[in-house]
Amino acid sequence: MGIVFRQSVKTSLVLILGALLGAGILWLSTRFIPKQEYGFINSMTKWAVMLSIFAPLGLNSTLAVFIHRYNNDDVKRKLLLTICFVVPLVISSVIAIVYLLAPEWVIHHFQPEDEPLMRTYYKWLPIYILFFVYMTIFDQYLCSQMKVAVSYFMREVLLRILNILFILLFAFKIICFHTLVLTSILIYCAPLFLYFLLSINTKAFGFTINYSGFSPAEYKEIAHFSWYHFLLYISIMLLNSMDALLIPFYDHRGFSTLAVYMVAVYFISLAYMPSKAFMQASFASFAKAFNNKNMDAAKDIFIRSSVNLLIPTLGIALIICCNLENAVSIIGSGKNYSGLIPVFIVLLIGMLVNVANGMTDQVLSITNYYKFNFYVSLIISGILFGLIRYLVPRYGIFGAACASSTAMILYNIIKFLFIWKKLDMQPFSINTLKILICALPALAVGYFFPYFFNPDRHVYVHTFLDVIMRSSVIVLVYMLMLIWLKPSKDLEEYLATVKKDKRLF
């Protein structure tokens with residue numbers, strides 16, 4: 001786990017930089033883009049990401065697992081890459097044709113005041129989908145080559161810098177909203193080009209038209225593995241995104257309400273940053289140990305990664321929770337995004353349960369139980385849809401948050417019990433309890449920390465100073481508690497290495 005932990009620290013630093021840039025995008029967007037238009041941009045992005053899951057037919061997951069079976073010079077590796085890059089293009093074309101032939105059927109599901117925006121940009125969605133498809137495939141390949149930090153730099157830093165640039169151009173009225181929407185789509189060309197350059201410089205990258213490289217049995221195995229992971233990805237994506245996808249349909253304020261919800265979701269994504277950093281590196285090591293039938297190592301990675309995920313996630317969650325009032329004071333105009341606070345709190349409960357459960361999805365995806373994960377996630381997706389359909393018209397985005405967290409908690413309870421029974425693996429231990437104990441004093445200090453500044457005067461300066469002081473106290477107390485109770489051996493080893501070598505990684 002040592003190299004995984006160091007690689008994860010590198011990735012975390014990139015993600016932190018990306019989060020700072022993301023905060024800049026959030027502030028600029030809520031400050032200069034009207035709620036309805038901002039909600040529309042978020043909705044279009046959500047639908048593009050969701051539909052991009054269909055095109056690879058699960059081959060992105062197959063690439064991440066199967067590529068470790070073949071040597072760099074093996075023709076089967078090149079054939080696997082060829083299949084993973086060609087098939088999504090064909091499927092994307094089919095999706096685009098069907099979508100472009102049914103504009104009225106799609107548009108009429110949105111609120112009447114939102115339909116003009118949908119009609120204007122309807123034809124751009126297939127292009128947006130294609131960009132996300134190949135971002136995902138390139139990302140999986142580079143992560144398989146242990147280039148996790150580089151991959152995240154493209155998505156979390158480069159894309160956000162370009163986004164900030166074009167939002168500023170819009171804020172200064174150099175470009176119009178129409179140009180802003182188009183550039184927010186076309187900027188994906190830049191990271192895709194860099195992804196390609198990075199990939200061709202790795203020894204393992206290459207293509208072949210020798211389709212006889214795989215036997216019929218191997219093709220069947222790949223198709224079988226890909227198909228169930230395709231279905232699994234759809235159901236999991238629905239669990240994670242159905243709330244945001246359906247709010248414009250069932251909330252009478254449509255995109256305007258979605259804008260507030262997506263700000264809360266953004267803060268949840270900040271708490272998910274450690275998962276993004278640790279999960280990719282941990283999964284690569286777990287997949288390799290599993291393929292080598294080293295179950296002791298696989299179990300060890302599973303248990304330790306769960307603890308390593310929870311520590312930083314809970315730390316970020318504490319900082320965000322204690323600074324929500326500060327966030328509302330500077331987001332938007334006149335605290336018109338204050339509705340995000342209860343939404344965030346409810347979503348956070350489901351997110352923490354999900355993170356505490358560790359790599360359960362990854363474990364099920366590479367074992368013989370991935371079918372179980374699909375069926376369970378499909379059932380939970382149905383429950384989530386029913387909850388959203390009932391709660392959102394009555395309680396708006398708060399109802400959407402309750403539906404999402406309820407489904408997430410139920411889903412994780414079922415996965416936890418199944419893996420514990422079938423594989424004798426479970427992520428919770430005395431160390432989990434220690435982490436929660438470490439968090440309590442930090443939460444109390446952050447919540448009761450007095451406000452020394454008046455946010456009604458010089459709101460940005462005073463808010464920034466309060467965030468710095470409040471967050472510093474939270475981090476200090478949390479770190480001291482972690483050092484005292486020692487819930488993670490990897491954290492202990494990492495801190496000892498930093499102290500010895502005088503460098504972060």
# chains A, B, ... in the order shown; residues from 1 in each chain; ligands from 1

$ closest_atom_pairs --of "segment 16-127 of chain A" --to "segment 216-236 of chain A" --cutoff "9 Å" --atoms "only C-alpha atoms" --output "Markdown table"
| residue | atom | partner | partner_atom | distance |
| --- | --- | --- | --- | --- |
| A:Met50 | CA | A:Ile234 | CA | 7.8 |
| A:Leu51 | CA | A:Ile234 | CA | 8.9 |
| A:Ile53 | CA | A:Ile234 | CA | 6.5 |
| A:Phe54 | CA | A:Phe230 | CA | 7.2 |
| A:Pro56 | CA | A:Phe230 | CA | 7.7 |
| A:Leu57 | CA | A:Phe230 | CA | 4.9 |
| A:Gly58 | CA | A:Phe230 | CA | 3.8 |
| A:Leu59 | CA | A:Ser226 | CA | 5.3 |
| A:Asn60 | CA | A:Ser226 | CA | 8.2 |
| A:Ser61 | CA | A:His229 | CA | 6.8 |
| A:Thr62 | CA | A:Ser226 | CA | 5.8 |
| A:Phe66 | CA | A:Ile222 | CA | 8.5 |

$ residues_around --residues "segment 357-364 of chain A" --least-positions-apart "5" --cutoff "8 Å" --atoms "only C-alpha atoms" --output "list in words"
Met279, Phe283, Phe302, Ile303, Ser305, Ser306, Val307, Leu309, Tyr369, Tyr370, Asn373, Asn412, Lys415, Phe416, Ile419, Pro427 and Phe428 of chain A

$ write_last_selection --atoms "N, CA and C atoms" --output "PDB file, in the first residue's frame"
ATOM      1  N   MET A 279      -9.048   5.857  -4.600  1.00  0.00           N
ATOM      2  CA  MET A 279      -9.759   4.719  -5.168  1.00  0.00           C
ATOM      3  C   MET A 279      -9.065   4.168  -6.414  1.00  0.00           C
ATOM      4  N   PHE A 283      -7.545   0.584  -6.386  1.00  0.00           N
ATOM      5  CA  PHE A 283      -8.202  -0.406  -7.240  1.00  0.00           C
ATOM      6  C   PHE A 283      -7.199  -1.095  -8.163  1.00  0.00           C
ATOM      7  N   PHE A 302      -8.196  -3.963   0.723  1.00  0.00           N
ATOM      8  CA  PHE A 302      -9.597  -3.573   0.903  1.00  0.00           C
ATOM      9  C   PHE A 302      -9.822  -2.919   2.265  1.00  0.00           C
ATOM     10  N   ILE A 303      -9.327  -3.542   3.316  1.00  0.00           N
ATOM     11  CA  ILE A 303      -9.553  -3.043   4.669  1.00  0.00           C
ATOM     12  C   ILE A 303      -8.816  -1.730   4.896  1.00  0.00           C
ATOM     13  N   SER A 305      -7.631   0.397   2.683  1.00  0.00           N
ATOM     14  CA  SER A 305      -8.091   1.488   1.825  1.00  0.00           C
ATOM     15  C   SER A 305      -9.355   2.130   2.381  1.00  0.00           C
ATOM     16  N   SER A 306     -10.208   1.342   3.029  1.00  0.00           N
ATOM     17  CA  SER A 306     -11.432   1.882   3.618  1.00  0.00           C
ATOM     18  C   SER A 306     -11.113   2.910   4.701  1.00  0.00           C
ATOM     19  N   VAL A 307     -10.150   2.578   5.542  1.00  0.00           N
ATOM     20  CA  VAL A 307      -9.724   3.508   6.593  1.00  0.00           C
ATOM     21  C   VAL A 307      -9.070   4.741   5.969  1.00  0.00           C
ATOM     22  N   LEU A 309      -9.541   6.026   3.129  1.00  0.00           N
ATOM     23  CA  LEU A 309     -10.542   6.848   2.445  1.00  0.00           C
ATOM     24  C   LEU A 309     -11.331   7.707   3.438  1.00  0.00           C
ATOM     25  N   TYR A 369     -19.354 -11.874  -8.435  1.00  0.00           N
ATOM     26  CA  TYR A 369     -20.599 -11.358  -7.867  1.00  0.00           C
ATOM     27  C   TYR A 369     -21.017 -10.025  -8.473  1.00  0.00           C
ATOM     28  N   TYR A 370     -20.419  -9.658  -9.610  1.00  0.00           N
ATOM     29  CA  TYR A 370     -20.807  -8.366 -10.177  1.00  0.00           C
ATOM     30  C   TYR A 370     -22.244  -8.385 -10.683  1.00  0.00           C
ATOM     31  N   ASN A 373     -24.352  -7.177  -7.858  1.00  0.00           N
ATOM     32  CA  ASN A 373     -24.285  -5.726  -7.711  1.00  0.00           C
ATOM     33  C   ASN A 373     -25.215  -5.045  -8.700  1.00  0.00           C
ATOM     34  N   ASN A 412     -25.745   0.609   0.249  1.00  0.00           N
ATOM     35  CA  ASN A 412     -24.485   0.260   0.908  1.00  0.00           C
ATOM     36  C   ASN A 412     -24.669  -0.781   2.002  1.00  0.00           C
ATOM     37  N   LYS A 415     -24.788  -4.153   0.121  1.00  0.00           N
ATOM     38  CA  LYS A 415     -23.454  -4.548  -0.365  1.00  0.00           C
ATOM     39  C   LYS A 415     -22.557  -4.994   0.776  1.00  0.00           C
ATOM     40  N   PHE A 416     -22.604  -4.261   1.879  1.00  0.00           N
ATOM     41  CA  PHE A 416     -21.779  -4.599   3.035  1.00  0.00           C
ATOM     42  C   PHE A 416     -22.095  -6.002   3.547  1.00  0.00           C
ATOM     43  N   ILE A 419     -20.937  -8.833   0.883  1.00  0.00           N
ATOM     44  CA  ILE A 419     -19.488  -9.065   0.818  1.00  0.00           C
ATOM     45  C   ILE A 419     -18.982  -9.701   2.103  1.00  0.00           C
ATOM     46  N   PRO A 427     -15.287  -3.572   5.780  1.00  0.00           N
ATOM     47  CA  PRO A 427     -14.385  -2.434   5.937  1.00  0.00           C
ATOM     48  C   PRO A 427     -14.320  -1.848   7.338  1.00  0.00           C
ATOM     49  N   PHE A 428     -15.229  -2.241   8.235  1.00  0.00           N
ATOM     50  CA  PHE A 428     -15.316  -1.585   9.533  1.00  0.00           C
ATOM     51  C   PHE A 428     -14.492  -2.320  10.592  1.00  0.00           C
TER      52      PHE A 428
END

$ atom_distance --atom1 "atom CA of Leu436 of chain A" --atom2 "atom CA of Cys402 of chain A"
23.0 Å

$ select_by_dssp --residues "segment 93-187 of chain A" --states "helix (DSSP H, G or I)" --output "PyMOL selection string"
chain A and resi 93-100+103-107+112-144+148-171+177-186

$ closest_residue --among "A:Ile311, A:Val86, A:Leu239, A:Leu125" --to "Leu378 of chain A" --atoms "only C-alpha atoms"
A:Leu239

$ closest_residue --among "A:Ser29, A:Thr45, A:Asn72, A:Ser144" --to "Leu168 of chain A" --atoms "only C-alpha atoms"
A:Ser29

$ closest_residue --among "A:Ile107, A:Ile388, A:Leu162, A:Ile33" --to "Cys176 of chain A" --atoms "only C-alpha atoms"
A:Ile33

$ atom_distance --atom1 "atom CA of Lys434 of chain A" --atom2 "atom CA of Lys486 of chain A"
8.0 Å

$ closest_residue --among "A:Tyr211, A:Leu101, A:Ser52, A:Phe344" --to "Tyr266 of chain A" --atoms "only C-alpha atoms"
A:Phe344

$ closest_residue --among "A:Leu318, A:Phe448, A:Gly254, A:Pro126" --to "Leu348 of chain A" --atoms "only C-alpha atoms"
A:Leu318

$ atom_distance --atom1 "atom CA of Leu130 of chain A" --atom2 "atom CA of Arg155 of chain A"
15.5 Å

$ closest_residue --among "A:Leu20, A:Ile319, A:Ala96, A:Leu387" --to "Ala444 of chain A" --atoms "only C-alpha atoms"
A:Ile319

$ residues_around --residues "Leu440 of chain A" --least-positions-apart "6" --cutoff "10 Å" --atoms "only C-alpha atoms" --output "list in words"
Leu318, Gly446, Val477, Tyr478 and Met481 of chain A

$ residues_around --residues "Leu310 of chain A" --least-positions-apart "3" --cutoff "8 Å" --atoms "only C-alpha atoms" --output "ChimeraX atom specification"
/A:306-307,313-314,352,355-356,432,435

$ residues_around --residues "Lys46 of chain A" --least-positions-apart "5" --cutoff "9 Å" --atoms "only C-alpha atoms" --output "list in words"
Ile41, Leu51, Ser241, Ala244 and Leu245 of chain A

$ residues_around --residues "Ile209 of chain A" --least-positions-apart "5" --cutoff "9 Å" --atoms "only C-alpha atoms" --output "MDAnalysis selection string"
chainID A and resid 78:79 82

$ write_last_selection --atoms "C-alpha atoms" --output "PDB file, in the first residue's frame"
ATOM      1  CA  LYS A  78      -3.345  -3.951 -28.728  1.00  0.00           C
ATOM      2  CA  LEU A  79      -6.487  -5.789 -29.811  1.00  0.00           C
ATOM      3  CA  THR A  82      -8.672  -1.395 -30.475  1.00  0.00           C
TER       4      THR A  82
END
